[in-house]
2 protein chains.
Amino acid sequence: MVDKVTACIVIIGNEILSGRTQDSNLNFLATELNKLGIQVGEARVIPDIETVIIDTINYARNTYDYVFTTGGIGPTHDDITSACVAKALGYDFARNPEAVAMLESHYKPEDLNEARLRMADTPVGAILIENPISKAPGFQIENVFVLAGVPRIAQALFDNLKNRLTGGITVLSKTVSTDLGEGIIADPLASLQEKFPHIDMGSYPYFKDGRLGVSMVLRHHDETSLQECEQALKEMVETLGGNIIFSL
Amino acid sequence: MVDKVTACIVIIGNEILSGRTQDSNLNFLATELNKLGIQVGEARVIPDIETVIIDTINYARNTYDYVFTTGGIGPTHDDITSACVAKALGYDFARNPEAVAMLESHYKPEDLNEARLRMADTPVGAILIENPISKAPGFQIENVFVLAGVPRIAQALFDNLKNRLTGGITVLSKTVSTDLGEGIIADPLASLQEKFPHIDMGSYPYFKDGRLGVSMVLRHHDETSLQECEQALKEMVETLGGNIIFSL
């Protein structure tokens, strides 16, 4: 098994950068990819500008094992992602007969106008990803997976592509949440990190019910190491006189 | 007035990339900056890795008028943002007496340990940003603003820095939402875009109550042009036999 498999997520859309829309695709994809043993190394949120999309796709596909894009594959004039992906990878861009058939199964002939047919344009050689909701497919070309921006559709497309992905070692995690301040746990936690250098330790303060709490997260691929470290972490909290609010 | 003022948002934290945490700082900052006439050109979500943070900060500050970072300024060993910003910009990194005074006003002397004091370390010459919630300040150095990751704290810091920002022309927007399919509005909308080339037109499908709807968003700095275009857009929807679900 390959040790580490990585991905980059490219969120395409002016609506995210203007604040109009709260993105939720990054969180969904990151969670699902993590379960499959694929680590998201980076995410970029970029505007609907051709040169930016092309440069970002080329950077991402050359740097990471997998690239997932969301947004910009609808029928309107601002939907330029598919054409940009074709340009970035150097493929011709043409109407895909299989995609046309998918649209034909959904729309009455009189409703399948030229705008809708444009949703069947893909890089030549792309492997389609079936869309059970609105039928217009996503697609894969080399290591780039092109998904819709609407979260329900992006999620359905991901379900239909995930059997094409090969993950590496799955990173497991343990969380221990405490009412101790971050400043109290900081030095003991740094010592614990030195004792368990192979474990990725993060400390995440949060604000809830008017009080700050801290979740300490341990991440590693080996369950036994992780349990040993979790035990030591719980003992650390106890020694410091703190309460464990939850652990999972 | 400067025509266009731009910003890059850099979200720093493994917890966002692992899917553990749903980011909300990008949406908050994008919305607030937009109100001030500052357009977010790009956002990057990056891990807690020194070289990545340094490279990203340097790219962002040389490309955009303003940079806002969130995350990684707490007292634990994984909080490396402040030191990385100092390195990226070539400043010494040292304990800031003014920041120490802020912490002293909040913590009892016996609680102000070395870990907490590390939250007072900033690039030398940084201008602090007051934190009314947990006192550890954010800071500004040149065009880079360094904020906490906890959303409530990031928001409070932003409130305390926004009078330092100089916006350009404020981009206004009008939204018209319809029950027509995107495929129906696509070609007429493209014609409207040709008629109003100066207006930024986006079309955003959404899924609600089991049905797809579309919000068409018009963005421009001039209210009169925008109203004229909105009127034409509403007439377009009417001509196509659609209903306007809402407009704002």
# chains A, B, ... in the order shown; residues from 1 in each chain; ligands from 1
>>> interface_residues(of="chain A", to="chain B", cutoff="8 Å", atoms="only C-alpha atoms", output="VMD selection string")
chain A and resid 16 to 24 26 to 31 34 39 to 47 74 to 78 113 115 to 116 150 152 182 to 187 189 to 190 201 to 203 205 to 207
>>> write_last_selection(atoms="N, CA and C atoms", output="compact mmCIF listing (two decimals), in the first residue's frame")
# COMPACT_ATOMS: atom_id res chain seq x y z
N ILE A 16 -18.56 32.35 -3.51
CA ILE A 16 -17.92 32.00 -2.23
C ILE A 16 -17.03 33.17 -1.80
N LEU A 17 -16.34 33.78 -2.76
CA LEU A 17 -15.40 34.86 -2.45
C LEU A 17 -16.10 36.18 -2.14
N SER A 18 -17.34 36.33 -2.58
CA SER A 18 -18.09 37.56 -2.26
C SER A 18 -18.79 37.42 -0.90
N GLY A 19 -18.80 36.22 -0.34
CA GLY A 19 -19.49 36.00 0.92
C GLY A 19 -20.96 35.64 0.74
N ARG A 20 -21.43 35.63 -0.50
CA ARG A 20 -22.84 35.31 -0.75
C ARG A 20 -23.19 33.89 -0.29
N THR A 21 -22.26 32.97 -0.53
CA THR A 21 -22.51 31.56 -0.25
C THR A 21 -21.47 31.03 0.72
N GLN A 22 -21.95 30.32 1.75
CA GLN A 22 -21.05 29.61 2.67
C GLN A 22 -20.73 28.26 2.04
N ASP A 23 -19.47 28.03 1.73
CA ASP A 23 -19.08 26.75 1.17
C ASP A 23 -19.25 25.63 2.18
N SER A 24 -19.74 24.49 1.72
CA SER A 24 -19.74 23.31 2.59
C SER A 24 -19.12 22.11 1.88
N LEU A 26 -15.97 21.75 0.78
CA LEU A 26 -14.64 21.43 1.30
C LEU A 26 -14.76 20.50 2.50
N ASN A 27 -15.63 20.86 3.44
CA ASN A 27 -15.76 20.04 4.65
C ASN A 27 -16.26 18.64 4.31
N PHE A 28 -17.23 18.55 3.42
CA PHE A 28 -17.74 17.23 3.02
C PHE A 28 -16.63 16.39 2.37
N LEU A 29 -15.96 16.97 1.38
CA LEU A 29 -14.94 16.21 0.65
C LEU A 29 -13.77 15.83 1.57
N ALA A 30 -13.35 16.77 2.42
CA ALA A 30 -12.23 16.49 3.32
C ALA A 30 -12.57 15.32 4.23
N THR A 31 -13.78 15.32 4.77
CA THR A 31 -14.21 14.25 5.67
C THR A 31 -14.24 12.91 4.94
N ASN A 34 -10.71 11.69 3.83
CA ASN A 34 -9.97 11.23 4.99
C ASN A 34 -10.35 9.80 5.34
N GLN A 39 -5.40 12.23 2.09
CA GLN A 39 -5.24 13.43 2.92
C GLN A 39 -5.29 14.69 2.06
N VAL A 40 -6.18 15.59 2.44
CA VAL A 40 -6.28 16.85 1.71
C VAL A 40 -5.13 17.75 2.15
N GLY A 41 -4.22 18.02 1.22
CA GLY A 41 -3.03 18.81 1.54
C GLY A 41 -3.29 20.29 1.49
N GLU A 42 -4.32 20.68 0.75
CA GLU A 42 -4.54 22.10 0.50
C GLU A 42 -5.88 22.29 -0.18
N ALA A 43 -6.49 23.45 0.03
CA ALA A 43 -7.69 23.80 -0.73
C ALA A 43 -7.55 25.24 -1.21
N ARG A 44 -8.04 25.49 -2.39
CA ARG A 44 -8.02 26.86 -2.92
C ARG A 44 -9.42 27.27 -3.35
N VAL A 45 -9.78 28.47 -3.01
CA VAL A 45 -11.05 29.03 -3.43
C VAL A 45 -10.73 30.12 -4.44
N ILE A 46 -11.18 29.95 -5.68
CA ILE A 46 -10.77 30.85 -6.75
C ILE A 46 -11.97 31.38 -7.53
N PRO A 47 -11.80 32.51 -8.19
CA PRO A 47 -12.92 33.10 -8.93
C PRO A 47 -13.09 32.45 -10.31
N GLY A 74 -22.52 24.21 -14.82
CA GLY A 74 -23.90 24.32 -15.27
C GLY A 74 -23.99 24.83 -16.70
N PRO A 75 -25.21 25.25 -17.13
CA PRO A 75 -25.42 25.65 -18.52
C PRO A 75 -25.24 27.13 -18.80
N THR A 76 -24.98 27.95 -17.76
CA THR A 76 -24.98 29.41 -18.00
C THR A 76 -23.59 29.91 -18.41
N HIS A 77 -23.56 31.17 -18.87
CA HIS A 77 -22.34 31.73 -19.47
C HIS A 77 -21.18 31.81 -18.48
N ASP A 78 -21.51 31.83 -17.17
CA ASP A 78 -20.43 31.91 -16.16
C ASP A 78 -19.92 30.53 -15.77
N ASN A 113 -32.56 22.04 -24.70
CA ASN A 113 -32.08 23.10 -25.59
C ASN A 113 -30.54 23.13 -25.63
N ALA A 115 -28.44 25.26 -24.48
CA ALA A 115 -27.78 25.58 -23.20
C ALA A 115 -27.61 24.31 -22.37
N ARG A 116 -28.68 23.53 -22.29
CA ARG A 116 -28.60 22.30 -21.48
C ARG A 116 -27.63 21.31 -22.11
N VAL A 150 -23.49 22.76 -6.30
CA VAL A 150 -24.63 22.54 -5.39
C VAL A 150 -24.28 21.36 -4.48
N ARG A 152 -25.73 19.12 -2.56
CA ARG A 152 -26.38 17.81 -2.69
C ARG A 152 -25.92 17.07 -3.94
N GLU A 182 -6.01 26.64 27.21
CA GLU A 182 -4.92 26.21 26.32
C GLU A 182 -3.55 26.53 26.92
N GLY A 183 -3.50 27.63 27.65
CA GLY A 183 -2.22 28.03 28.26
C GLY A 183 -1.76 27.06 29.33
N ILE A 184 -2.71 26.35 29.95
CA ILE A 184 -2.38 25.37 30.99
C ILE A 184 -1.85 24.08 30.36
N ILE A 185 -2.48 23.68 29.26
CA ILE A 185 -2.10 22.40 28.66
C ILE A 185 -0.90 22.53 27.72
N ALA A 186 -0.55 23.76 27.34
CA ALA A 186 0.42 23.95 26.25
C ALA A 186 1.75 23.23 26.50
N ASP A 187 2.39 23.51 27.65
CA ASP A 187 3.71 22.92 27.88
C ASP A 187 3.66 21.41 28.10
N LEU A 189 1.50 19.43 26.90
CA LEU A 189 1.16 18.84 25.59
C LEU A 189 2.40 18.80 24.69
N ALA A 190 3.20 19.86 24.76
CA ALA A 190 4.44 19.87 23.96
C ALA A 190 5.37 18.74 24.43
N MET A 201 -0.29 15.99 16.78
CA MET A 201 -1.13 16.53 17.87
C MET A 201 -1.54 17.96 17.58
N GLY A 202 -2.84 18.20 17.64
CA GLY A 202 -3.34 19.56 17.45
C GLY A 202 -4.19 19.96 18.64
N SER A 203 -4.23 21.23 18.89
CA SER A 203 -5.01 21.75 20.01
C SER A 203 -5.94 22.83 19.47
N PRO A 205 -8.92 25.39 20.44
CA PRO A 205 -9.83 26.04 21.38
C PRO A 205 -11.19 26.30 20.72
N TYR A 206 -12.21 26.29 21.52
CA TYR A 206 -13.55 26.63 21.00
C TYR A 206 -14.28 27.43 22.07
N PHE A 207 -15.29 28.11 21.63
CA PHE A 207 -16.05 28.99 22.50
C PHE A 207 -17.46 28.45 22.55
>>> select_by_dssp(residues="range 120-236 of chain A", states="alpha helix (DSSP H)", output="ChimeraX atom specification")
/A:151-161,182-195,223-236
>>> write_last_selection(atoms="C-alpha atoms", output="PDB file, in the first residue's frame")
ATOM      1  CA  PRO A 151     -23.729  20.526  -2.257  1.00  0.00           C
ATOM      2  CA  ARG A 152     -26.383  17.808  -2.693  1.00  0.00           C
ATOM      3  CA  ILE A 153     -25.235  17.197  -6.244  1.00  0.00           C
ATOM      4  CA  ALA A 154     -21.532  17.331  -5.340  1.00  0.00           C
ATOM      5  CA  GLN A 155     -22.181  14.729  -2.646  1.00  0.00           C
ATOM      6  CA  ALA A 156     -24.114  12.437  -4.986  1.00  0.00           C
ATOM      7  CA  LEU A 157     -21.348  12.699  -7.594  1.00  0.00           C
ATOM      8  CA  PHE A 158     -18.730  11.888  -4.978  1.00  0.00           C
ATOM      9  CA  ASP A 159     -20.659   8.753  -3.981  1.00  0.00           C
ATOM     10  CA  ASN A 160     -20.538   7.692  -7.621  1.00  0.00           C
ATOM     11  CA  LEU A 161     -16.802   8.240  -8.081  1.00  0.00           C
ATOM     12  CA  GLU A 182      -4.924  26.207  26.315  1.00  0.00           C
ATOM     13  CA  GLY A 183      -2.223  28.029  28.258  1.00  0.00           C
ATOM     14  CA  ILE A 184      -2.375  25.370  30.989  1.00  0.00           C
ATOM     15  CA  ILE A 185      -2.096  22.401  28.656  1.00  0.00           C
ATOM     16  CA  ALA A 186       0.417  23.954  26.248  1.00  0.00           C
ATOM     17  CA  ASP A 187       3.714  22.922  27.880  1.00  0.00           C
ATOM     18  CA  PRO A 188       2.615  19.453  29.065  1.00  0.00           C
ATOM     19  CA  LEU A 189       1.161  18.842  25.593  1.00  0.00           C
ATOM     20  CA  ALA A 190       4.441  19.871  23.965  1.00  0.00           C
ATOM     21  CA  SER A 191       6.223  17.374  26.252  1.00  0.00           C
ATOM     22  CA  LEU A 192       3.729  14.688  25.257  1.00  0.00           C
ATOM     23  CA  GLN A 193       4.396  15.537  21.610  1.00  0.00           C
ATOM     24  CA  GLU A 194       8.118  14.977  22.234  1.00  0.00           C
ATOM     25  CA  LYS A 195       7.326  11.620  23.842  1.00  0.00           C
ATOM     26  CA  GLU A 223      -4.722   2.377  16.550  1.00  0.00           C
ATOM     27  CA  THR A 224      -2.477   0.924  19.283  1.00  0.00           C
ATOM     28  CA  SER A 225      -0.080   3.885  19.329  1.00  0.00           C
ATOM     29  CA  LEU A 226      -3.046   6.195  19.283  1.00  0.00           C
ATOM     30  CA  GLN A 227      -4.692   4.495  22.280  1.00  0.00           C
ATOM     31  CA  GLU A 228      -1.451   4.609  24.241  1.00  0.00           C
ATOM     32  CA  CYS A 229      -1.085   8.313  23.519  1.00  0.00           C
ATOM     33  CA  GLU A 230      -4.741   8.996  24.327  1.00  0.00           C
ATOM     34  CA  GLN A 231      -4.289   7.311  27.709  1.00  0.00           C
ATOM     35  CA  ALA A 232      -1.247   9.485  28.433  1.00  0.00           C
ATOM     36  CA  LEU A 233      -3.194  12.568  27.358  1.00  0.00           C
ATOM     37  CA  LYS A 234      -6.084  11.763  29.697  1.00  0.00           C
ATOM     38  CA  GLU A 235      -3.642  11.260  32.558  1.00  0.00           C
ATOM     39  CA  MET A 236      -2.094  14.616  31.699  1.00  0.00           C
TER      40      MET A 236
END
>>> atom_distance(atom1="CA of Val146 in chain B", atom2="CA of Tyr107 in chain B")
22.3 Å
>>> residues_around(residues="Leu103 in chain B", least_positions_apart="3", cutoff="7 Å", atoms="only C-alpha atoms", output="PDB file with C-alpha atoms, in the first residue's frame")
ATOM      1  CA  ALA B  99       0.812  42.449  24.286  1.00  0.00           C
ATOM      2  CA  VAL B 100       2.261  41.255  27.606  1.00  0.00           C
ATOM      3  CA  HIS B 106      -6.537  39.307  32.075  1.00  0.00           C
ATOM      4  CA  TYR B 107      -4.565  36.614  33.890  1.00  0.00           C
ATOM      5  CA  LYS B 135      -7.151  39.167  25.462  1.00  0.00           C
ATOM      6  CA  ALA B 136      -4.329  37.549  23.441  1.00  0.00           C
TER       7      ALA B 136
END
>>> select_by_dssp(residues="range 20-64 of chain A", states="strand (DSSP E)", output="PyMOL selection string")
chain A and resi 38-46
>>> write_last_selection(atoms="N, CA and C atoms", output="mmCIF file, in the first residue's frame")
data_model
loop_
_atom_site.group_PDB
_atom_site.id
_atom_site.type_symbol
_atom_site.label_atom_id
_atom_site.label_comp_id
_atom_site.auth_asym_id
_atom_site.auth_seq_id
_atom_site.Cartn_x
_atom_site.Cartn_y
_atom_site.Cartn_z
ATOM 1 N N ILE A 38 -7.188 9.309 2.095
ATOM 2 C CA ILE A 38 -6.637 10.345 1.207
ATOM 3 C C ILE A 38 -6.594 11.656 1.997
ATOM 4 N N GLN A 39 -5.401 12.232 2.092
ATOM 5 C CA GLN A 39 -5.237 13.425 2.917
ATOM 6 C C GLN A 39 -5.290 14.687 2.064
ATOM 7 N N VAL A 40 -6.175 15.594 2.444
ATOM 8 C CA VAL A 40 -6.284 16.855 1.708
ATOM 9 C C VAL A 40 -5.127 17.751 2.147
ATOM 10 N N GLY A 41 -4.220 18.021 1.221
ATOM 11 C CA GLY A 41 -3.034 18.806 1.539
ATOM 12 C C GLY A 41 -3.290 20.294 1.489
ATOM 13 N N GLU A 42 -4.320 20.678 0.747
ATOM 14 C CA GLU A 42 -4.537 22.104 0.498
ATOM 15 C C GLU A 42 -5.883 22.287 -0.181
ATOM 16 N N ALA A 43 -6.493 23.451 0.034
ATOM 17 C CA ALA A 43 -7.693 23.803 -0.730
ATOM 18 C C ALA A 43 -7.553 25.235 -1.213
ATOM 19 N N ARG A 44 -8.042 25.491 -2.394
ATOM 20 C CA ARG A 44 -8.021 26.860 -2.919
ATOM 21 C C ARG A 44 -9.417 27.267 -3.353
ATOM 22 N N VAL A 45 -9.777 28.468 -3.005
ATOM 23 C CA VAL A 45 -11.055 29.031 -3.434
ATOM 24 C C VAL A 45 -10.728 30.122 -4.438
ATOM 25 N N ILE A 46 -11.185 29.946 -5.675
ATOM 26 C CA ILE A 46 -10.769 30.851 -6.754
ATOM 27 C C ILE A 46 -11.975 31.376 -7.527
#
